[in-house]
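**Student:** Below you'll find coords17.csv; it's CSV, C-alpha atoms.
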```csv
chain,number,residue,atom,x,y,z
A,144,PHE,CA,-58.1,-69.3,8.8
A,145,ALA,CA,-55.7,-71.4,10.7
A,146,VAL,CA,-51.9,-71.7,11.3
A,147,VAL,CA,-50.8,-75.3,11.1
A,148,PRO,CA,-47.4,-77.0,10.7
A,149,PHE,CA,-46.5,-77.4,7.0
A,150,ASP,CA,-46.4,-81.2,7.2
A,151,ARG,CA,-49.9,-81.3,8.6
A,152,LEU,CA,-51.6,-79.6,5.7
A,153,GLU,CA,-54.5,-81.4,4.1
A,154,GLY,CA,-55.8,-81.4,0.6
A,155,ARG,CA,-59.1,-79.9,1.6
A,156,TRP,CA,-57.4,-76.7,2.7
A,157,LYS,CA,-56.0,-74.0,0.5
A,158,LEU,CA,-52.5,-72.9,1.4
A,159,LEU,CA,-52.3,-69.1,1.4
A,160,GLN,CA,-49.3,-67.2,0.3
A,161,VAL,CA,-47.8,-64.8,3.0
A,162,ASP,CA,-45.8,-61.8,1.8
A,163,GLY,CA,-45.7,-63.4,-1.6
A,164,VAL,CA,-44.0,-66.6,-0.4
A,165,ASN,CA,-45.6,-69.8,-1.7
A,166,LEU,CA,-44.6,-72.8,0.4
A,167,PHE,CA,-45.7,-75.1,-2.4
A,168,GLU,CA,-42.7,-73.9,-4.5
A,169,ARG,CA,-39.3,-75.5,-3.9
A,170,GLU,CA,-37.8,-72.0,-4.6
A,171,ALA,CA,-39.8,-70.4,-1.7
A,172,ASP,CA,-37.6,-67.8,0.1
A,173,MET,CA,-37.9,-69.0,3.7
A,174,SER,CA,-35.8,-66.1,5.0
A,175,ALA,CA,-38.8,-63.9,4.0
A,176,TYR,CA,-41.5,-66.1,5.5
A,177,PRO,CA,-42.8,-64.7,8.8
A,178,PHE,CA,-44.3,-67.9,10.2
A,179,THR,CA,-41.0,-69.6,10.8
A,180,LEU,CA,-40.0,-70.7,14.3
A,181,ARG,CA,-36.3,-70.9,15.2
A,182,VAL,CA,-35.1,-72.2,18.5
A,183,ARG,CA,-31.7,-71.0,19.8
A,184,ALA,CA,-30.0,-71.7,23.2
A,185,GLN,CA,-26.7,-70.8,24.7
A,186,GLY,CA,-25.1,-71.6,28.1
A,187,LYS,CA,-23.6,-74.6,29.8
A,188,PRO,CA,-22.9,-77.4,27.3
A,189,ALA,CA,-24.6,-80.1,29.4
A,190,LEU,CA,-27.8,-78.0,29.7
A,191,ILE,CA,-27.7,-77.2,26.0
A,192,ALA,CA,-27.4,-80.9,25.2
A,193,GLU,CA,-30.4,-81.6,27.4
A,194,ILE,CA,-32.5,-78.9,25.7
A,195,ALA,CA,-31.5,-80.1,22.2
A,196,ALA,CA,-32.6,-83.6,23.1
A,197,ALA,CA,-36.0,-82.4,24.3
A,198,VAL,CA,-36.8,-79.9,21.4
A,199,PRO,CA,-37.6,-81.3,17.9
A,200,THR,CA,-34.9,-80.1,15.6
A,201,ALA,CA,-36.1,-81.6,12.3
A,202,ASP,CA,-37.3,-79.1,9.6
A,203,ASN,CA,-41.0,-79.8,8.9
A,204,ARG,CA,-40.5,-78.5,5.4
A,205,ASP,CA,-37.6,-80.6,4.2
A,206,LEU,CA,-37.3,-80.4,0.5
A,207,ASN,CA,-35.8,-83.9,0.4
A,208,LYS,CA,-39.2,-85.2,1.5
A,209,MET,CA,-41.3,-83.1,-1.0
A,210,ALA,CA,-42.6,-84.1,-4.5
A,211,ILE,CA,-44.5,-81.8,-6.9
A,212,VAL,CA,-46.6,-83.3,-9.6
A,213,ALA,CA,-47.8,-81.0,-12.4
A,214,MET,CA,-51.1,-82.3,-14.0
A,215,THR,CA,-52.1,-80.8,-17.3
A,216,GLY,CA,-55.1,-81.0,-19.7
A,217,VAL,CA,-55.4,-81.9,-23.4
A,218,THR,CA,-52.3,-81.8,-25.6
A,219,ALA,CA,-52.8,-82.3,-29.4
A,220,LEU,CA,-50.0,-80.8,-31.5
A,221,VAL,CA,-52.2,-80.5,-34.6
A,222,ARG,CA,-54.2,-78.0,-36.6
A,223,GLY,CA,-53.8,-74.3,-35.6
A,224,THR,CA,-51.4,-75.1,-32.8
A,225,ALA,CA,-49.1,-77.0,-35.2
A,226,VAL,CA,-49.4,-74.2,-37.8
A,227,ARG,CA,-48.1,-71.8,-35.2
A,228,MET,CA,-45.3,-74.2,-34.2
A,229,GLU,CA,-44.2,-74.3,-37.8
A,230,GLU,CA,-44.4,-70.5,-38.1
A,231,LYS,CA,-42.9,-69.5,-34.7
A,232,GLY,CA,-40.9,-72.5,-33.5
A,233,ILE,CA,-41.7,-75.8,-32.0
A,234,THR,CA,-41.4,-74.6,-28.4
A,235,TYR,CA,-43.5,-71.5,-29.0
A,236,PRO,CA,-46.7,-72.8,-27.3
A,237,ALA,CA,-44.9,-73.4,-23.9
A,238,GLU,CA,-42.7,-70.3,-23.7
A,239,LYS,CA,-44.8,-68.3,-21.2
A,240,ILE,CA,-45.6,-71.2,-18.7
A,241,ARG,CA,-42.6,-73.4,-19.1
A,242,ASP,CA,-41.5,-72.8,-15.5
A,243,TRP,CA,-44.8,-74.1,-14.2
A,244,LEU,CA,-43.9,-77.5,-15.6
A,245,THR,CA,-40.1,-77.7,-15.4
A,246,THR,CA,-40.0,-76.9,-11.7
A,247,ALA,CA,-42.2,-79.9,-10.9
A,248,ASP,CA,-40.6,-83.2,-10.0
A,249,ILE,CA,-43.1,-85.0,-12.2
A,250,THR,CA,-44.6,-83.3,-15.3
A,251,HIS,CA,-47.7,-85.0,-16.8
A,252,ILE,CA,-48.7,-84.6,-20.4
A,253,SER,CA,-51.9,-86.1,-21.8
A,254,ASN,CA,-51.0,-86.3,-25.5
A,255,GLU,CA,-54.0,-87.5,-27.4
A,256,VAL,CA,-52.4,-87.9,-30.8
A,257,SER,CA,-49.8,-90.3,-32.2
A,258,PHE,CA,-46.6,-89.2,-34.0
A,259,TRP,CA,-46.1,-90.3,-37.6
A,260,GLU,CA,-43.2,-89.5,-39.9
A,261,ASN,CA,-45.5,-89.2,-42.9
A,262,CYS,CA,-48.1,-87.0,-41.1
A,263,PRO,CA,-49.5,-84.4,-43.6
A,264,PRO,CA,-48.5,-80.8,-43.1
A,265,PRO,CA,-50.7,-79.1,-40.5
A,266,SER,CA,-53.7,-77.0,-41.6
A,267,PHE,CA,-56.4,-75.0,-39.9
A,268,LYS,CA,-58.8,-77.2,-41.7
A,269,SER,CA,-57.4,-80.6,-40.9
A,270,GLY,CA,-60.6,-81.6,-39.1
A,271,VAL,CA,-60.7,-84.3,-36.4
A,272,VAL,CA,-58.5,-86.9,-38.0
A,273,MET,CA,-55.1,-86.0,-36.5
A,274,CYS,CA,-51.5,-86.9,-36.3
A,275,SER,CA,-48.3,-85.1,-35.2
A,276,ASP,CA,-44.9,-84.6,-36.9
A,277,PRO,CA,-42.3,-86.5,-34.8
A,278,ARG,CA,-40.3,-83.2,-34.6
A,279,TYR,CA,-42.9,-81.8,-32.3
A,280,ILE,CA,-41.7,-84.1,-29.5
A,281,GLU,CA,-39.2,-81.3,-28.9
A,282,LEU,CA,-42.1,-79.3,-27.2
A,283,LEU,CA,-42.6,-82.1,-24.7
A,284,ARG,CA,-38.8,-82.2,-24.0
A,285,TYR,CA,-38.8,-78.4,-23.5
A,286,VAL,CA,-41.4,-78.6,-20.7
A,287,GLY,CA,-39.6,-81.4,-19.0
A,288,ALA,CA,-42.2,-84.1,-19.6
A,289,ASP,CA,-41.8,-87.2,-17.4
A,290,VAL,CA,-45.2,-89.0,-17.7
A,291,ILE,CA,-47.3,-89.4,-20.8
A,292,GLU,CA,-51.0,-90.3,-20.5
A,293,LEU,CA,-52.4,-92.4,-23.4
A,294,THR,CA,-56.1,-92.2,-22.7
A,295,GLY,CA,-56.8,-89.9,-25.7
A,296,ASN,CA,-59.4,-90.4,-28.4
A,297,HIS,CA,-57.2,-89.8,-31.4
A,298,LEU,CA,-54.4,-92.3,-31.0
A,299,TRP,CA,-55.6,-94.4,-34.0
A,300,ASP,CA,-56.7,-91.6,-36.4
A,301,TYR,CA,-54.2,-92.6,-39.0
A,302,GLY,CA,-54.1,-96.3,-37.9
A,303,TYR,CA,-53.3,-98.2,-34.8
A,304,GLN,CA,-49.9,-99.1,-36.2
A,305,HIS,CA,-48.5,-95.6,-35.4
A,306,LEU,CA,-49.1,-96.0,-31.6
A,307,ILE,CA,-46.3,-98.5,-30.8
A,308,PRO,CA,-43.6,-96.3,-32.6
A,309,THR,CA,-45.0,-93.4,-30.6
A,310,ILE,CA,-44.6,-95.3,-27.3
A,311,GLU,CA,-41.1,-96.2,-28.4
A,312,MET,CA,-40.3,-92.5,-28.8
A,313,TYR,CA,-41.5,-91.9,-25.2
A,314,GLU,CA,-39.4,-94.8,-23.9
A,315,LYS,CA,-36.3,-93.5,-25.7
A,316,GLU,CA,-36.8,-90.2,-23.9
A,317,GLY,CA,-37.0,-92.1,-20.6
A,318,TRP,CA,-40.6,-91.1,-20.0
A,319,GLY,CA,-43.2,-93.4,-18.4
A,320,TYR,CA,-46.7,-93.9,-19.7
A,321,PHE,CA,-50.1,-95.1,-18.5
A,322,GLY,CA,-53.7,-95.2,-19.6
A,323,GLY,CA,-52.7,-97.0,-22.8
A,324,GLY,CA,-50.1,-99.3,-24.2
A,325,ARG,CA,-49.0,-102.0,-26.6
A,326,ASP,CA,-51.9,-104.3,-25.7
A,327,LEU,CA,-54.7,-104.5,-23.2
A,328,ALA,CA,-52.5,-105.8,-20.3
A,329,ASP,CA,-50.0,-103.0,-20.9
A,330,ALA,CA,-52.7,-100.4,-21.2
A,331,LEU,CA,-54.3,-101.4,-17.8
A,332,LYS,CA,-51.0,-101.4,-16.0
A,333,PRO,CA,-50.5,-98.5,-13.5
A,334,LEU,CA,-47.3,-96.5,-13.6
A,335,THR,CA,-45.5,-96.2,-10.2
A,336,ILE,CA,-42.8,-93.6,-9.3
A,337,THR,CA,-41.0,-92.8,-6.1
A,338,VAL,CA,-39.8,-89.3,-5.6
A,339,ASN,CA,-38.0,-88.3,-2.3
A,340,GLY,CA,-39.8,-91.1,-0.5
A,341,ASN,CA,-43.2,-90.2,-1.9
A,342,ARG,CA,-44.7,-93.3,-3.6
A,343,ILE,CA,-47.0,-92.1,-6.5
A,344,ALA,CA,-49.0,-94.2,-8.8
A,345,PHE,CA,-50.8,-93.1,-12.0
A,346,ILE,CA,-53.8,-95.0,-13.4
A,347,GLY,CA,-56.1,-93.9,-16.2
A,348,CYS,CA,-58.7,-95.1,-18.7
A,349,ASN,CA,-60.8,-94.0,-21.6
A,350,TYR,CA,-64.5,-94.0,-20.6
A,351,PHE,CA,-65.7,-92.0,-23.6
A,352,GLY,CA,-64.9,-94.5,-26.4
A,353,ALA,CA,-62.2,-94.7,-29.0
A,354,ASN,CA,-59.0,-96.6,-29.8
A,355,TRP,CA,-59.3,-99.1,-27.0
A,356,ALA,CA,-56.5,-101.6,-26.7
A,357,THR,CA,-57.2,-105.3,-27.2
A,358,GLU,CA,-55.2,-108.5,-26.5
A,359,ARG,CA,-53.6,-108.0,-29.9
A,360,LEU,CA,-53.7,-104.3,-30.6
A,361,PRO,CA,-52.2,-101.2,-29.0
A,362,GLY,CA,-54.6,-98.5,-27.8
A,363,SER,CA,-56.1,-96.6,-24.8
A,364,ALA,CA,-57.1,-98.4,-21.7
A,365,PRO,CA,-60.8,-99.3,-21.3
A,366,CYS,CA,-62.0,-98.7,-17.7
A,367,SER,CA,-62.5,-102.5,-17.3
A,368,PRO,CA,-61.3,-105.3,-19.6
A,369,ASN,CA,-64.8,-106.3,-20.7
A,370,ASP,CA,-66.6,-103.0,-20.4
A,371,PRO,CA,-65.0,-99.7,-21.2
A,372,LYS,CA,-67.5,-97.8,-19.0
A,373,ASP,CA,-67.3,-100.1,-16.0
A,374,LEU,CA,-65.0,-98.5,-13.4
A,375,THR,CA,-64.7,-101.7,-11.3
A,376,HIS,CA,-61.2,-102.6,-12.5
A,377,GLN,CA,-60.0,-99.1,-11.9
A,378,ILE,CA,-61.5,-99.1,-8.4
A,379,GLU,CA,-60.0,-102.5,-7.5
A,380,THR,CA,-56.6,-101.4,-8.8
A,381,ILE,CA,-56.7,-98.1,-6.8
A,382,ARG,CA,-57.6,-100.0,-3.6
A,383,GLN,CA,-54.7,-102.3,-4.1
A,384,LEU,CA,-52.2,-99.5,-4.8
A,385,LYS,CA,-53.4,-97.6,-1.8
A,386,ALA,CA,-52.9,-100.8,0.3
A,387,GLU,CA,-49.3,-100.9,-1.0
A,388,GLY,CA,-48.7,-97.4,0.3
A,389,TYR,CA,-49.1,-95.4,-3.0
A,390,ASN,CA,-50.7,-92.0,-3.4
A,391,VAL,CA,-52.9,-92.7,-6.4
A,392,ILE,CA,-53.5,-90.2,-9.2
A,393,ALA,CA,-56.4,-91.4,-11.3
A,394,THR,CA,-57.4,-89.9,-14.7
A,395,LEU,CA,-60.5,-90.3,-16.8
A,396,GLN,CA,-60.9,-89.6,-20.5
A,397,TYR,CA,-64.6,-88.8,-19.9
A,398,GLU,CA,-67.5,-87.4,-22.0
A,399,GLU,CA,-66.6,-84.0,-23.3
A,400,TYR,CA,-68.7,-81.0,-22.0
A,401,TYR,CA,-68.4,-77.4,-22.9
A,402,PHE,CA,-69.5,-75.8,-19.7
A,403,TYR,CA,-68.0,-75.1,-16.2
A,404,GLU,CA,-70.3,-77.2,-14.1
A,405,SER,CA,-70.2,-81.0,-13.8
A,406,THR,CA,-73.0,-83.4,-14.5
A,407,PRO,CA,-74.6,-85.7,-11.9
A,408,GLN,CA,-73.1,-88.8,-13.6
A,409,GLN,CA,-69.7,-87.2,-13.8
A,410,ARG,CA,-69.8,-86.4,-10.1
A,411,ARG,CA,-70.7,-90.0,-9.2
A,412,ASP,CA,-68.0,-91.6,-11.4
A,413,PHE,CA,-65.1,-89.3,-10.4
A,414,ALA,CA,-66.1,-89.6,-6.7
A,415,ALA,CA,-66.1,-93.4,-7.0
A,416,LEU,CA,-62.4,-93.3,-7.8
A,417,ARG,CA,-61.7,-91.0,-4.9
A,418,ASP,CA,-63.7,-93.2,-2.6
A,419,ALA,CA,-61.6,-96.1,-3.7
A,420,GLY,CA,-58.5,-94.3,-2.4
A,421,ALA,CA,-57.3,-91.9,-5.2
A,422,VAL,CA,-56.0,-88.7,-3.7
A,423,VAL,CA,-56.2,-86.9,-7.0
A,424,VAL,CA,-58.8,-87.5,-9.8
A,425,ASN,CA,-58.1,-85.6,-13.0
A,426,GLY,CA,-60.6,-85.1,-15.9
A,427,SER,CA,-58.2,-85.5,-18.9
A,428,GLN,CA,-61.0,-85.1,-21.4
A,429,GLY,CA,-61.8,-81.5,-20.6
A,430,HIS,CA,-61.4,-79.3,-23.7
A,431,HIS,CA,-63.4,-76.8,-21.5
A,432,VAL,CA,-62.2,-76.2,-18.0
A,433,GLN,CA,-64.5,-77.3,-15.2
A,434,GLY,CA,-64.7,-77.0,-11.4
A,435,PHE,CA,-63.6,-79.1,-8.5
A,436,ASP,CA,-64.8,-81.4,-5.7
A,437,VAL,CA,-62.5,-81.2,-2.7
A,438,ASN,CA,-62.7,-83.0,0.6
A,439,ALA,CA,-60.4,-84.6,3.2
A,440,ASP,CA,-60.0,-87.7,1.0
A,441,GLY,CA,-58.7,-86.0,-2.1
A,442,PHE,CA,-58.9,-83.4,-4.9
A,443,ILE,CA,-61.1,-84.0,-7.9
A,444,HIS,CA,-60.8,-81.7,-11.0
A,445,TRP,CA,-63.5,-82.5,-13.5
A,446,GLY,CA,-61.7,-80.9,-16.3
A,447,THR,CA,-58.4,-79.0,-16.6
A,448,GLY,CA,-59.0,-77.7,-20.1
A,449,ASN,CA,-56.8,-77.7,-23.1
A,450,ILE,CA,-53.1,-76.8,-22.7
A,451,PHE,CA,-51.1,-77.4,-25.9
A,452,PHE,CA,-54.2,-77.4,-28.2
A,453,GLY,CA,-55.5,-74.0,-28.6
A,454,ASP,CA,-57.5,-73.6,-31.8
A,455,GLN,CA,-61.0,-74.2,-30.2
A,456,THR,CA,-61.7,-70.5,-30.2
A,457,PHE,CA,-65.5,-70.7,-30.0
A,458,SER,CA,-65.5,-70.6,-26.2
A,459,ARG,CA,-63.7,-68.7,-23.5
A,460,GLY,CA,-63.7,-71.8,-21.3
A,461,ALA,CA,-62.0,-73.8,-24.1
A,462,LEU,CA,-59.3,-71.2,-24.2
A,463,THR,CA,-58.7,-71.5,-20.5
A,464,THR,CA,-56.2,-73.9,-19.1
A,465,MET,CA,-55.1,-74.9,-15.6
A,466,VAL,CA,-51.9,-76.6,-14.5
A,467,ASP,CA,-52.6,-78.3,-11.2
A,468,ARG,CA,-49.4,-78.7,-9.2
A,469,HIS,CA,-50.1,-81.3,-6.5
A,470,VAL,CA,-47.7,-81.4,-3.5
A,471,PHE,CA,-46.8,-84.5,-1.6
A,472,TYR,CA,-44.7,-84.6,1.5
A,473,ASP,CA,-43.3,-87.6,3.5
A,474,ASN,CA,-45.7,-89.8,1.4
A,475,ARG,CA,-48.8,-87.7,2.2
A,476,TYR,CA,-50.9,-85.5,-0.1
A,477,LEU,CA,-50.8,-81.9,1.1
A,478,GLY,CA,-52.8,-80.1,-1.5
A,479,ALA,CA,-53.0,-78.3,-4.9
A,480,ASP,CA,-51.3,-75.2,-6.2
A,481,LEU,CA,-53.6,-74.1,-9.1
A,482,ARG,CA,-52.1,-72.2,-12.0
A,483,THR,CA,-54.4,-70.5,-14.5
A,484,ALA,CA,-53.8,-69.3,-18.1
A,485,PHE,CA,-55.5,-68.1,-21.3
A,486,ILE,CA,-54.5,-69.7,-24.6
A,487,GLU,CA,-53.7,-67.0,-27.2
A,488,ASP,CA,-52.6,-67.1,-30.8
A,489,LEU,CA,-54.3,-70.5,-31.2
A,490,SER,CA,-51.5,-72.1,-29.4
A,491,GLN,CA,-49.8,-70.3,-26.5
A,492,PRO,CA,-51.0,-70.3,-22.9
A,493,ARG,CA,-50.1,-67.1,-21.0
A,494,PRO,CA,-50.5,-66.6,-17.2
A,495,MET,CA,-53.7,-64.8,-16.3
A,496,THR,CA,-53.6,-61.4,-14.7
A,497,PRO,CA,-54.8,-61.2,-11.1
A,498,GLU,CA,-58.1,-59.8,-12.3
A,499,GLU,CA,-58.6,-62.5,-14.9
A,500,ARG,CA,-57.7,-65.2,-12.4
A,501,ALA,CA,-60.1,-63.9,-9.7
A,502,GLU,CA,-62.9,-63.9,-12.3
A,503,LEU,CA,-62.2,-67.5,-13.4
A,504,LEU,CA,-61.9,-68.8,-9.8
A,505,ARG,CA,-65.2,-67.1,-8.8
A,506,THR,CA,-66.9,-68.8,-11.7
A,507,LEU,CA,-65.4,-72.2,-10.9
A,508,PHE,CA,-65.9,-72.0,-7.1
A,509,ALA,CA,-69.6,-71.3,-7.7
A,510,VAL,CA,-70.0,-74.6,-9.4
A,511,SER,CA,-67.5,-76.6,-7.2
A,512,ARG,CA,-67.9,-78.6,-4.1
A,513,PHE,CA,-66.0,-78.3,-0.8
A,514,GLN,CA,-66.3,-80.3,2.4
```
Represent the structure contained in this file as structure tokens.
**Tutor:**
Amino acid sequence: FAVVPFDRLEGRWKLLQVDGVNLFEREADMSAYPFTLRVRAQGKPALIAEIAAAVPTADNRDLNKMAIVAMTGVTALVRGTAVRMEEKGITYPAEKIRDWLTTADITHISNEVSFWENCPPPSFKSGVVMCSDPRYIELLRYVGADVIELTGNHLWDYGYQHLIPTIEMYEKEGWGYFGGGRDLADALKPLTITVNGNRIAFIGCNYFGANWATERLPGSAPCSPNDPKDLTHQIETIRQLKAEGYNVIATLQYEEYYFYESTPQQRRDFAALRDAGAVVVNGSQGHHVQGFDVNADGFIHWGTGNIFFGDQTFSRGALTTMVDRHVFYDNRYLGADLRTAFIEDLSQPRPMTPEERAELLRTLFAVSRFQ
């Protein structure tokens, strides 16, 4: 345990709540936080001016220097999830965790499926060929989406021609996108955003294999132009972005595993992106939540689980979702605030109870790495 200034936190440390106050929330009640130092002086004006000049007066938790990025897992508004949306309302899946997303400065959604106005009505037996009704974009509006990841494996299920209209829908909403695009050059292009002085860059690719963009066709980004499984291009781009002063968030649509631990190859590939300079590496493929690899260089989450895709009921891990709220301050990465939920009714994440959360984190920490 240690007490350090807020702006000196590091991603390898876990920020503890004190008296229920979470400093990684903008809404934190600082009047109730016990570790706050206030300096007051009274007396001769000249002496007070001298003291004021010698004592730092700037707040080291200035909300105007903070940025919160909420990273999520797999979204696919199809099958059982879409059936529930038709029955109970389009925003039904997000109603119990909406504030986790809307209170972030940047909310990330990895939507694996294209919208199509002639998409067949949802069914529990739709299989793995998927599309979404354009009306369902209301769910993404409801959670305050800002950034859409396009590394998913199902963008072309009903034809590549539906992806560009889908991208145009995102652009109309004012949302950025990365990890896919109108063609290969667009798909490989990182997305850069500045929030309260924090320079943040998103870059992602599809390692697993589907719907890759070409010079003529829209699709997901291969990890390198000539080899989808070669991380060289991602590594070089991350290094360049870091040199330009960006905090890089890298995502991988990796091979899908239905267990908590990572594989040796997964650990090597994700670590390669962090070693290149990414402060956050997110496993966007993970239908099953996986553990972490945390050190002074950054935070790796091998799999965040499904979020708005809840009909994989065969596994407790596939019904577990995590929203990782990454906090940046004065253009530095401070750490992650991990939110945990279970997906119920084939569609709706609800926050875990303290007992459920403790059980999950014990399981994940047992298969995670910390340095």
**Student:** If you count all atoms listed in the file, which residues fall within 12 Å of Phe178 in chain A, apart from same-chain ones fewer than 4 positions away, as a list in words?
**Tutor:**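 Here the answer would be Ala145, Val146, Val147, Pro148, Phe149, Leu159, Gln160, Val161, Asp162, Val164, Leu166, Met173 and Ser174 of chain A.
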**Student:** Just how far from CA of Trp445 in chain A is CA of Ser427 in chain A, in Å to one decimal?
**Tutor:**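 Taking CA of Ser427 in chain A as the start and CA of Trp445 in chain A as the end point, the length is 8.1 Å.
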**Student:** May I have the residues within 9 Å of His251 in chain A as a list in words, using only C-alpha atoms and disregarding those fewer than 4 positions away in the same chain?
**Tutor:**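 So, after excluding close chain neighbours, the residues are Val212, Ala213, Met214, Thr215, Gly216, Leu244, Ala288, Asp289, Val290, Ile291 and Glu292 of chain A.
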**Student:** Considering only C-alpha atoms, can you say which of A:Thr250, A:Gln377, A:Gln304, A:Ser405 comes closest to Leu360 in chain A?
**Tutor:**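 Among A:Thr250, A:Gln377, A:Gln304, A:Ser405, it is A:Gln304 that comes nearest to Leu360 in chain A.
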**Student:** Dump as an NGL selection string all residues having an atom at most 7 Å from (-67.0, -89.5, -19.8), computed in the file's coordinates with all atoms listed in the file.
**Tutor:** :A and (350-351 or 396-399 or 409)
**Student:** Could you make a table, as JSON lines, of the residues of range 223-286 of chain A that have an atom within 7 Å of an atom of range 488-498 of chain A, each with its nearest atom pair and distance in Å to one decimal, counting all atoms listed in the file, in chain and number order?
**Tutor:**
```
{"residue": "A:Gly223", "atom": "CA", "partner": "A:Leu489", "partner_atom": "CA", "distance": 5.8}
{"residue": "A:Thr224", "atom": "CA", "partner": "A:Ser490", "partner_atom": "CA", "distance": 4.5}
{"residue": "A:Arg227", "atom": "CA", "partner": "A:Ser490", "partner_atom": "CA", "distance": 6.7}
{"residue": "A:Tyr235", "atom": "CA", "partner": "A:Gln491", "partner_atom": "CA", "distance": 6.9}
{"residue": "A:Pro236", "atom": "CA", "partner": "A:Gln491", "partner_atom": "CA", "distance": 4.1}
{"residue": "A:Ala237", "atom": "CA", "partner": "A:Gln491", "partner_atom": "CA", "distance": 6.4}
{"residue": "A:Lys239", "atom": "CA", "partner": "A:Arg493", "partner_atom": "CA", "distance": 5.4}
{"residue": "A:Ile240", "atom": "CA", "partner": "A:Arg493", "partner_atom": "CA", "distance": 6.5}
```
**Student:** Just the number, please: distance in Å from CA of Gly302 in chain A to CA of Ile252 in chain A, one decimal.
**Tutor:** 21.7 Å
